[in-house]
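S.K.: I am sharing structure_24.pdb, which consists of PDB, C-alpha atoms, pLDDT in the B column:
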ATOM      1  CA  MET K   1       0.000   0.000   0.000  1.00 44.00           C
ATOM      2  CA  LYS K   2       1.266   3.437  -0.842  1.00 52.00           C
ATOM      3  CA  MET K   3       0.854   6.519   1.285  1.00 55.00           C
ATOM      4  CA  LEU K   4      -2.109   8.620   0.220  1.00 54.00           C
ATOM      5  CA  LYS K   5      -0.757  11.433  -1.897  1.00 48.00           C
ATOM      6  CA  ALA K   6      -0.432  14.780  -0.152  1.00 45.00           C
ATOM      7  CA  MET K   7      -2.293  14.076   3.030  1.00 65.00           C
ATOM      8  CA  ASN K   8      -5.077  16.607   2.852  1.00 77.00           C
ATOM      9  CA  PHE K   9      -7.757  14.847   4.830  1.00 87.00           C
ATOM     10  CA  LYS K  10     -10.672  17.046   5.728  1.00 91.00           C
ATOM     11  CA  ASN K  11     -12.030  17.553   9.220  1.00 90.00           C
ATOM     12  CA  CYS K  12      -8.895  16.480  11.087  1.00 91.00           C
ATOM     13  CA  GLN K  13      -5.840  17.831  12.859  1.00 92.00           C
ATOM     14  CA  TYR K  14      -2.230  16.831  12.071  1.00 91.00           C
ATOM     15  CA  ASN K  15       0.612  16.552  14.546  1.00 91.00           C
ATOM     16  CA  HIS K  16       4.005  15.902  12.947  1.00 91.00           C
ATOM     17  CA  LEU K  17       6.213  13.862  15.325  1.00 89.00           C
ATOM     18  CA  VAL K  18       9.872  14.069  14.298  1.00 88.00           C
ATOM     19  CA  ALA K  19      12.763  11.922  15.590  1.00 91.00           C
ATOM     20  CA  VAL K  20      10.652   9.745  17.896  1.00 95.00           C
ATOM     21  CA  ASP K  21      13.165   7.615  19.828  1.00 96.00           C
ATOM     22  CA  LYS K  22      13.357   3.829  19.808  1.00 96.00           C
ATOM     23  CA  GLY K  23      11.288   2.401  22.654  1.00 96.00           C
ATOM     24  CA  THR K  24       8.793   5.279  22.754  1.00 97.00           C
ATOM     25  CA  GLN K  25       5.206   4.123  23.196  1.00 97.00           C
ATOM     26  CA  LEU K  26       2.777   5.953  20.943  1.00 97.00           C
ATOM     27  CA  TYR K  27      -0.235   4.444  22.675  1.00 96.00           C
ATOM     28  CA  ARG K  28      -0.891   1.632  25.140  1.00 96.00           C
ATOM     29  CA  GLN K  29      -3.157  -1.387  25.010  1.00 96.00           C
ATOM     30  CA  GLY K  30      -6.516  -0.496  26.585  1.00 95.00           C
ATOM     31  CA  GLU K  31      -6.238   3.264  26.058  1.00 95.00           C
ATOM     32  CA  THR K  32      -9.046   5.085  24.280  1.00 94.00           C
ATOM     33  CA  ALA K  33      -8.260   5.960  20.668  1.00 93.00           C
ATOM     34  CA  HIS K  34      -8.562   9.529  19.454  1.00 92.00           C
ATOM     35  CA  SER K  35      -6.103   9.417  16.549  1.00 93.00           C
ATOM     36  CA  PHE K  36      -4.478   7.241  13.933  1.00 94.00           C
ATOM     37  CA  TYR K  37      -0.956   7.421  12.541  1.00 95.00           C
ATOM     38  CA  CYS K  38       1.128   7.408   9.376  1.00 95.00           C
ATOM     39  CA  VAL K  39       4.793   6.364   9.410  1.00 96.00           C
ATOM     40  CA  LYS K  40       6.933   8.716   7.305  1.00 95.00           C
ATOM     41  CA  ASN K  41      10.090   6.787   8.191  1.00 95.00           C
ATOM     42  CA  GLY K  42      11.260   4.368  10.858  1.00 96.00           C
ATOM     43  CA  LEU K  43       9.693   1.181  12.166  1.00 97.00           C
ATOM     44  CA  ILE K  44       6.764   0.672  14.557  1.00 98.00           C
ATOM     45  CA  GLY K  45       5.832  -2.565  16.333  1.00 97.00           C
ATOM     46  CA  LEU K  46       2.379  -3.453  17.624  1.00 97.00           C
ATOM     47  CA  TYR K  47       2.553  -5.542  20.796  1.00 96.00           C
ATOM     48  CA  HIS K  48      -0.293  -7.405  22.451  1.00 95.00           C
ATOM     49  CA  THR K  49       0.087  -8.215  26.147  1.00 94.00           C
ATOM     50  CA  LEU K  50      -1.619 -11.363  27.413  1.00 90.00           C
ATOM     51  CA  GLU K  51      -3.209 -11.674  30.856  1.00 92.00           C
ATOM     52  CA  ASN K  52      -0.103 -13.535  32.083  1.00 92.00           C
ATOM     53  CA  GLY K  53       2.035 -10.496  31.146  1.00 89.00           C
ATOM     54  CA  LYS K  54       3.673 -11.998  28.053  1.00 88.00           C
ATOM     55  CA  GLU K  55       4.026  -9.720  25.061  1.00 89.00           C
ATOM     56  CA  SER K  56       3.601 -10.716  21.433  1.00 92.00           C
ATOM     57  CA  LEU K  57       4.782  -8.749  18.430  1.00 94.00           C
ATOM     58  CA  VAL K  58       1.721  -8.965  16.219  1.00 94.00           C
ATOM     59  CA  ARG K  59       2.336  -6.441  13.457  1.00 95.00           C
ATOM     60  CA  ILE K  60       5.073  -4.181  12.088  1.00 97.00           C
ATOM     61  CA  TYR K  61       4.677  -0.875  10.250  1.00 97.00           C
ATOM     62  CA  LYS K  62       7.244   0.850   8.020  1.00 96.00           C
ATOM     63  CA  ALA K  63       7.384   4.061   5.978  1.00 94.00           C
ATOM     64  CA  GLY K  64       4.101   4.707   4.187  1.00 92.00           C
ATOM     65  CA  ASP K  65       2.015   2.538   6.522  1.00 94.00           C
ATOM     66  CA  TYR K  66      -1.048   3.717   8.455  1.00 95.00           C
ATOM     67  CA  PHE K  67      -1.990   2.238  11.817  1.00 95.00           C
ATOM     68  CA  GLY K  68      -4.345   2.807  14.739  1.00 94.00           C
ATOM     69  CA  PHE K  69      -7.359   3.558  12.554  1.00 92.00           C
ATOM     70  CA  ARG K  70      -8.968   0.139  13.120  1.00 89.00           C
ATOM     71  CA  THR K  71      -9.409   0.951  16.802  1.00 89.00           C
ATOM     72  CA  LEU K  72     -10.422   4.544  16.183  1.00 83.00           C
ATOM     73  CA  PHE K  73     -13.181   3.411  13.816  1.00 83.00           C
ATOM     74  CA  GLY K  74     -14.083   0.391  15.943  1.00 84.00           C
ATOM     75  CA  ASP K  75     -14.465  -0.112  19.670  1.00 79.00           C
ATOM     76  CA  LYS K  76     -12.250   2.873  20.594  1.00 84.00           C
ATOM     77  CA  LYS K  77      -9.881   0.868  22.877  1.00 92.00           C
ATOM     78  CA  TYR K  78      -6.458   0.025  21.486  1.00 94.00           C
ATOM     79  CA  HIS K  79      -5.988  -3.755  21.518  1.00 93.00           C
ATOM     80  CA  CYS K  80      -2.184  -3.412  21.359  1.00 95.00           C
ATOM     81  CA  THR K  81       0.627  -1.102  22.408  1.00 97.00           C
ATOM     82  CA  ALA K  82       2.446   0.730  19.599  1.00 97.00           C
ATOM     83  CA  LYS K  83       6.210   1.050  20.173  1.00 97.00           C
ATOM     84  CA  VAL K  84       8.915   2.631  18.072  1.00 98.00           C
ATOM     85  CA  LEU K  85      11.420  -0.062  16.975  1.00 97.00           C
ATOM     86  CA  MET K  86      13.654   2.286  14.943  1.00 96.00           C
ATOM     87  CA  GLU K  87      13.760   6.059  15.341  1.00 96.00           C
ATOM     88  CA  ALA K  88      10.736   7.316  13.455  1.00 97.00           C
ATOM     89  CA  GLU K  89       9.026  10.285  11.940  1.00 96.00           C
ATOM     90  CA  ILE K  90       5.282   9.937  12.368  1.00 96.00           C
ATOM     91  CA  ILE K  91       2.180  11.927  11.520  1.00 94.00           C
ATOM     92  CA  LYS K  92      -0.583  11.730  14.104  1.00 95.00           C
ATOM     93  CA  ILE K  93      -3.999  12.291  12.503  1.00 94.00           C
ATOM     94  CA  THR K  94      -6.888  13.256  14.770  1.00 94.00           C
ATOM     95  CA  PRO K  95     -10.352  13.489  13.204  1.00 94.00           C
ATOM     96  CA  GLN K  96     -12.312  16.346  14.764  1.00 93.00           C
ATOM     97  CA  HIS K  97     -15.629  14.542  14.364  1.00 91.00           C
ATOM     98  CA  ILE K  98     -15.530  10.905  13.244  1.00 90.00           C
ATOM     99  CA  ASP K  99     -18.830  10.903  11.306  1.00 91.00           C
ATOM    100  CA  SER K 100     -17.833  14.040   9.377  1.00 93.00           C
ATOM    101  CA  PHE K 101     -14.395  12.545   8.732  1.00 93.00           C
ATOM    102  CA  PHE K 102     -16.057   9.524   7.106  1.00 91.00           C
ATOM    103  CA  LEU K 103     -18.382  11.674   4.983  1.00 94.00           C
ATOM    104  CA  GLU K 104     -15.742  14.172   3.856  1.00 93.00           C
ATOM    105  CA  ASN K 105     -12.949  11.672   3.063  1.00 93.00           C
ATOM    106  CA  PRO K 106     -14.452   8.804   1.035  1.00 92.00           C
ATOM    107  CA  GLU K 107     -11.212   8.051  -0.886  1.00 91.00           C
ATOM    108  CA  THR K 108      -9.293   7.878   2.386  1.00 90.00           C
ATOM    109  CA  ILE K 109     -11.862   5.571   3.962  1.00 91.00           C
ATOM    110  CA  ARG K 110     -11.757   3.256   0.938  1.00 92.00           C
ATOM    111  CA  PHE K 111      -7.939   3.218   1.160  1.00 91.00           C
ATOM    112  CA  LEU K 112      -8.013   2.420   4.902  1.00 92.00           C
ATOM    113  CA  PHE K 113     -10.524  -0.387   4.317  1.00 92.00           C
ATOM    114  CA  GLN K 114      -8.141  -1.897   1.745  1.00 94.00           C
ATOM    115  CA  ILE K 115      -5.382  -1.824   4.361  1.00 94.00           C
ATOM    116  CA  LEU K 116      -7.742  -3.378   6.900  1.00 93.00           C
ATOM    117  CA  SER K 117      -8.662  -6.138   4.473  1.00 95.00           C
ATOM    118  CA  ASN K 118      -4.988  -6.932   3.777  1.00 95.00           C
ATOM    119  CA  GLU K 119      -4.171  -6.959   7.495  1.00 94.00           C
ATOM    120  CA  LEU K 120      -7.067  -9.331   8.179  1.00 94.00           C
ATOM    121  CA  ARG K 121      -5.843 -11.678   5.436  1.00 95.00           C
ATOM    122  CA  ASP K 122      -2.308 -11.595   6.886  1.00 92.00           C
ATOM    123  CA  ALA K 123      -3.630 -12.270  10.388  1.00 91.00           C
ATOM    124  CA  GLU K 124      -5.680 -15.223   9.154  1.00 93.00           C
ATOM    125  CA  ASP K 125      -2.612 -16.632   7.370  1.00 91.00           C
ATOM    126  CA  ARG K 126      -0.508 -16.330  10.529  1.00 89.00           C
ATOM    127  CA  LEU K 127      -3.268 -17.905  12.629  1.00 89.00           C
ATOM    128  CA  ALA K 128      -3.530 -20.867  10.266  1.00 90.00           C
ATOM    129  CA  LYS K 129       0.259 -21.295  10.300  1.00 87.00           C
ATOM    130  CA  SER K 130       0.386 -21.194  14.099  1.00 85.00           C
ATOM    131  CA  ALA K 131      -2.220 -23.936  14.250  1.00 84.00           C
ATOM    132  CA  TYR K 132      -0.551 -26.279  11.760  1.00 88.00           C
ATOM    133  CA  LEU K 133       3.158 -25.504  11.505  1.00 90.00           C
ATOM    134  CA  LYS K 134       5.775 -26.722  13.954  1.00 93.00           C
ATOM    135  CA  SER K 135       7.864 -24.184  15.886  1.00 92.00           C
ATOM    136  CA  LEU K 136      10.804 -24.805  13.537  1.00 94.00           C
ATOM    137  CA  ASP K 137       8.739 -23.863  10.486  1.00 94.00           C
ATOM    138  CA  ARG K 138       7.186 -20.827  12.195  1.00 94.00           C
ATOM    139  CA  VAL K 139      10.585 -19.518  13.294  1.00 95.00           C
ATOM    140  CA  ILE K 140      12.077 -19.999   9.817  1.00 95.00           C
ATOM    141  CA  ASP K 141       9.008 -18.380   8.239  1.00 94.00           C
ATOM    142  CA  SER K 142       9.243 -15.448  10.672  1.00 95.00           C
ATOM    143  CA  ILE K 143      12.986 -14.947  10.114  1.00 96.00           C
ATOM    144  CA  CYS K 144      12.448 -14.916   6.352  1.00 94.00           C
ATOM    145  CA  PHE K 145       9.510 -12.522   6.547  1.00 95.00           C
ATOM    146  CA  LEU K 146      11.137 -10.119   9.010  1.00 96.00           C
ATOM    147  CA  THR K 147      14.544  -9.953   7.336  1.00 94.00           C
ATOM    148  CA  GLU K 148      13.141  -9.682   3.796  1.00 95.00           C
ATOM    149  CA  ASN K 149      10.555  -7.016   4.618  1.00 94.00           C
ATOM    150  CA  PHE K 150      12.517  -5.055   7.226  1.00 95.00           C
ATOM    151  CA  PRO K 151      16.197  -5.609   6.342  1.00 94.00           C
ATOM    152  CA  ASP K 152      17.523  -2.508   8.111  1.00 92.00           C
ATOM    153  CA  TYR K 153      16.414  -3.676  11.545  1.00 95.00           C
ATOM    154  CA  HIS K 154      18.406  -6.119  13.682  1.00 95.00           C
ATOM    155  CA  TRP K 155      15.778  -8.618  14.877  1.00 96.00           C
ATOM    156  CA  THR K 156      16.340 -10.079  18.344  1.00 96.00           C
ATOM    157  CA  HIS K 157      15.568 -13.674  19.248  1.00 96.00           C
ATOM    158  CA  ARG K 158      12.799 -12.378  21.488  1.00 95.00           C
ATOM    159  CA  GLU K 159      11.147 -10.427  18.645  1.00 96.00           C
ATOM    160  CA  ILE K 160      11.455 -13.387  16.272  1.00 96.00           C
ATOM    161  CA  ALA K 161       9.922 -15.657  18.916  1.00 95.00           C
ATOM    162  CA  GLU K 162       7.069 -13.233  19.612  1.00 93.00           C
ATOM    163  CA  TYR K 163       6.310 -12.942  15.926  1.00 94.00           C
ATOM    164  CA  ALA K 164       6.541 -16.728  15.447  1.00 93.00           C
ATOM    165  CA  GLY K 165       4.359 -17.429  18.483  1.00 90.00           C
ATOM    166  CA  CYS K 166       6.903 -19.402  20.494  1.00 91.00           C
ATOM    167  CA  GLU K 167       9.212 -18.965  23.472  1.00 93.00           C
ATOM    168  CA  THR K 168      12.453 -16.995  23.126  1.00 95.00           C
ATOM    169  CA  GLU K 169      14.444 -20.087  24.104  1.00 96.00           C
ATOM    170  CA  THR K 170      12.864 -22.002  21.225  1.00 96.00           C
ATOM    171  CA  ALA K 171      13.872 -19.311  18.719  1.00 96.00           C
ATOM    172  CA  ILE K 172      17.419 -19.276  20.135  1.00 97.00           C
ATOM    173  CA  ARG K 173      17.722 -23.062  19.882  1.00 96.00           C
ATOM    174  CA  ILE K 174      16.335 -23.157  16.340  1.00 96.00           C
ATOM    175  CA  THR K 175      18.543 -20.312  15.046  1.00 95.00           C
ATOM    176  CA  ARG K 176      21.595 -21.896  16.713  1.00 95.00           C
ATOM    177  CA  ASP K 177      20.831 -25.227  14.997  1.00 94.00           C
ATOM    178  CA  LEU K 178      20.293 -23.495  11.644  1.00 93.00           C
ATOM    179  CA  ARG K 179      23.628 -21.687  11.975  1.00 93.00           C
ATOM    180  CA  LYS K 180      25.432 -24.941  12.830  1.00 94.00           C
ATOM    181  CA  LYS K 181      24.030 -26.446   9.629  1.00 92.00           C
ATOM    182  CA  ASN K 182      25.060 -23.276   7.681  1.00 91.00           C
ATOM    183  CA  LEU K 183      21.408 -22.651   6.810  1.00 88.00           C
ATOM    184  CA  LEU K 184      21.344 -19.211   8.445  1.00 86.00           C
ATOM    185  CA  SER K 185      23.964 -16.490   8.268  1.00 77.00           C
TER
END
Could I get this file's structure written as structure tokens?

M.R.:
Amino acid sequence: MKMLKAMNFKNCQYNHLVAVDKGTQLYRQGETAHSFYCVKNGLIGLYHTLENGKESLVRIYKAGDYFGFRTLFGDKKYHCTAKVLMEAEIIKITPQHIDSFFLENPETIRFLFQILSNELRDAEDRLAKSAYLKSLDRVIDSICFLTENFPDYHWTHREIAEYAGCETETAIRITRDLRKKNLLS
């Protein structure tokens, strides 16, 4: 998906966030949504925290990606925490009145629904894989996906494990075995 050309959405306020440091939380799971975001550059991770306190990296956003709108247009409570993985430049978009925003920005809404549809498809694919693939296959699949799509970021074993839906120790063991067999550089 490409960034909408010249963001000129009607009935909203823009806040340009420049040089947002790694580790900064843009919003937290459970908070009420008032805005959505566009990544101009950098990398953003969406983390879901389970009741037992474990975090899972569920989605990653790069330059040109929009995020946070699903919650804003839905139940109003963020289901994940958004954290900066690589220093980022972000545009925070706050509709002044949500119904007017929908009426006055039909092209934008269509674009965001396309993103939503693609994200749902990706989530369904990952869910199916987690149900049927072994940890080894999920870790390999995650390493391939993460390094091919986000090559400028150094992925930790923990992040790979969270994305693959396994324990960090499992990801460490699998990557160690792959390196021993010269299957991973």

S.K.: For the contact check between region 72-164 of chain K and region 52-59 of chain K, emit one row per residue of region 72-164 of chain K within 10 Å, containing the shortest atom pair and the distance in Å rounded to one decimal, counting all atoms listed in the file, chain then rising number order, as a tab-separated table.

M.R.:
residue	atom	partner	partner_atom	distance
K:Cys80	CA	K:Val58	CA	8.5
K:Thr81	CA	K:Leu57	CA	9.6
K:Ala82	CA	K:Arg59	CA	9.4
K:Glu119	CA	K:Arg59	CA	8.8
K:Asp122	CA	K:Arg59	CA	9.6
K:Ala123	CA	K:Val58	CA	8.6
K:Arg126	CA	K:Val58	CA	9.6
K:Arg158	CA	K:Leu57	CA	9.3
K:Glu159	CA	K:Leu57	CA	6.6
K:Ile160	CA	K:Leu57	CA	8.4
K:Ala161	CA	K:Ser56	CA	8.4
K:Glu162	CA	K:Ser56	CA	4.7
K:Tyr163	CA	K:Leu57	CA	5.1
K:Ala164	CA	K:Leu57	CA	8.7

S.K.: So the first atom is CA of Ile91 (chain K) and the second is CA of Cys38 (chain K); what is the distance between them in Å, to one decimal place?

M.R.: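 Between these atoms lies a distance of 5.1 Å.
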
S.K.: Find the residue from K:Gln29, K:Thr94, K:Thr71, K:Ser100 that sits nearest to His16 (chain K); use only C-alpha atoms when measuring.

M.R.: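 Smallest separation from His16 (chain K) among the options: K:Thr94.
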
S.K.: Work out how far apart CA of Arg28 (chain K) and CA of Val84 (chain K) are and give it in Å to one decimal.

M.R.: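 For CA of Arg28 (chain K) relative to CA of Val84 (chain K), the distance reads 12.1 Å.
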
S.K.: How many Å separate CA of Leu112 (chain K) from CA of Thr49 (chain K)?

M.R.: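 Here the two named atoms are 25.1 Å from each other.
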
S.K.: Determine the nearest neighbour of Cys144 (chain K) from the options K:Asn41, K:Ser130, K:Ser185, K:Thr108, counting all atoms listed in the file.

M.R.: K:Ser185

S.K.: Give me the residues near Leu178 (chain K) as a compact mmCIF listing (two decimals) with C-alpha atoms, in the coordinates of the input, where near means some atom within 12 Å (using all atoms listed in the file) and where sequence neighbours in that chain fewer than 3 positions away do not count.

M.R.:
# COMPACT_ATOMS: atom_id res chain seq x y z
CA LEU K 136 10.80 -24.80 13.54
CA ASP K 137 8.74 -23.86 10.49
CA VAL K 139 10.58 -19.52 13.29
CA ILE K 140 12.08 -20.00 9.82
CA ILE K 143 12.99 -14.95 10.11
CA ALA K 171 13.87 -19.31 18.72
CA ILE K 172 17.42 -19.28 20.14
CA ARG K 173 17.72 -23.06 19.88
CA ILE K 174 16.34 -23.16 16.34
CA THR K 175 18.54 -20.31 15.05
CA LYS K 181 24.03 -26.45 9.63
CA ASN K 182 25.06 -23.28 7.68
CA LEU K 183 21.41 -22.65 6.81
CA LEU K 184 21.34 -19.21 8.44
CA SER K 185 23.96 -16.49 8.27

S.K.: Between K:Ser135, K:Thr147, K:Gln25, K:Gln13, single out the one closest to Leu85 (chain K), counting all atoms listed in the file.

M.R.: K:Gln25

S.K.: From the set K:Ile109, K:Lys129, K:Ser35, K:Thr24, which residue has the shortest atom-to-atom contact distance to Gln96 (chain K), counting all atoms listed in the file?

M.R.: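 Residue with the minimum atom-to-atom distance to Gln96 (chain K): K:Ser35.
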
S.K.: Identify all residues satisfying the PyMOL selection byres ((chain K and resi 18) around 7) in the given file; provide them as a list in words.

M.R.: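 Listing what the PyMOL selection byres ((chain K and resi 18) around 7) selects in the shown file: His16, Leu17, Ala19, Val20, Ala88, Glu89 and Ile90 of chain K.
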
S.K.: Name the residues that the PyMOL selection byres ((chain K and resi 11) around 7) picks from the file above, as an NGL selection string, using the file's chain letters and numbers.

M.R.: :K and (9-10 or 12 or 95-97 or 100-101)

S.K.: Nearest to Leu43 (chain K) among K:Asn8, K:Asp65, K:Leu116, K:Thr168, with distances taken over all atoms listed in the file: which residue is it?

M.R.: K:Asp65

S.K.: From the list K:Glu31, K:Glu148, K:Asp21, K:Asp125, which residue is nearest Asp75 (chain K) when using only C-alpha atoms?

M.R.: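 That would be K:Glu31, the residue with the smallest distance to Asp75 (chain K).
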
S.K.: For Tyr37 (chain K), please output as a PyMOL selection string all residues within 7 Å (counting all atoms listed in the file; exclusion window: fewer than 6 positions along the same chain).

M.R.: chain K and resi 66-68+90-93
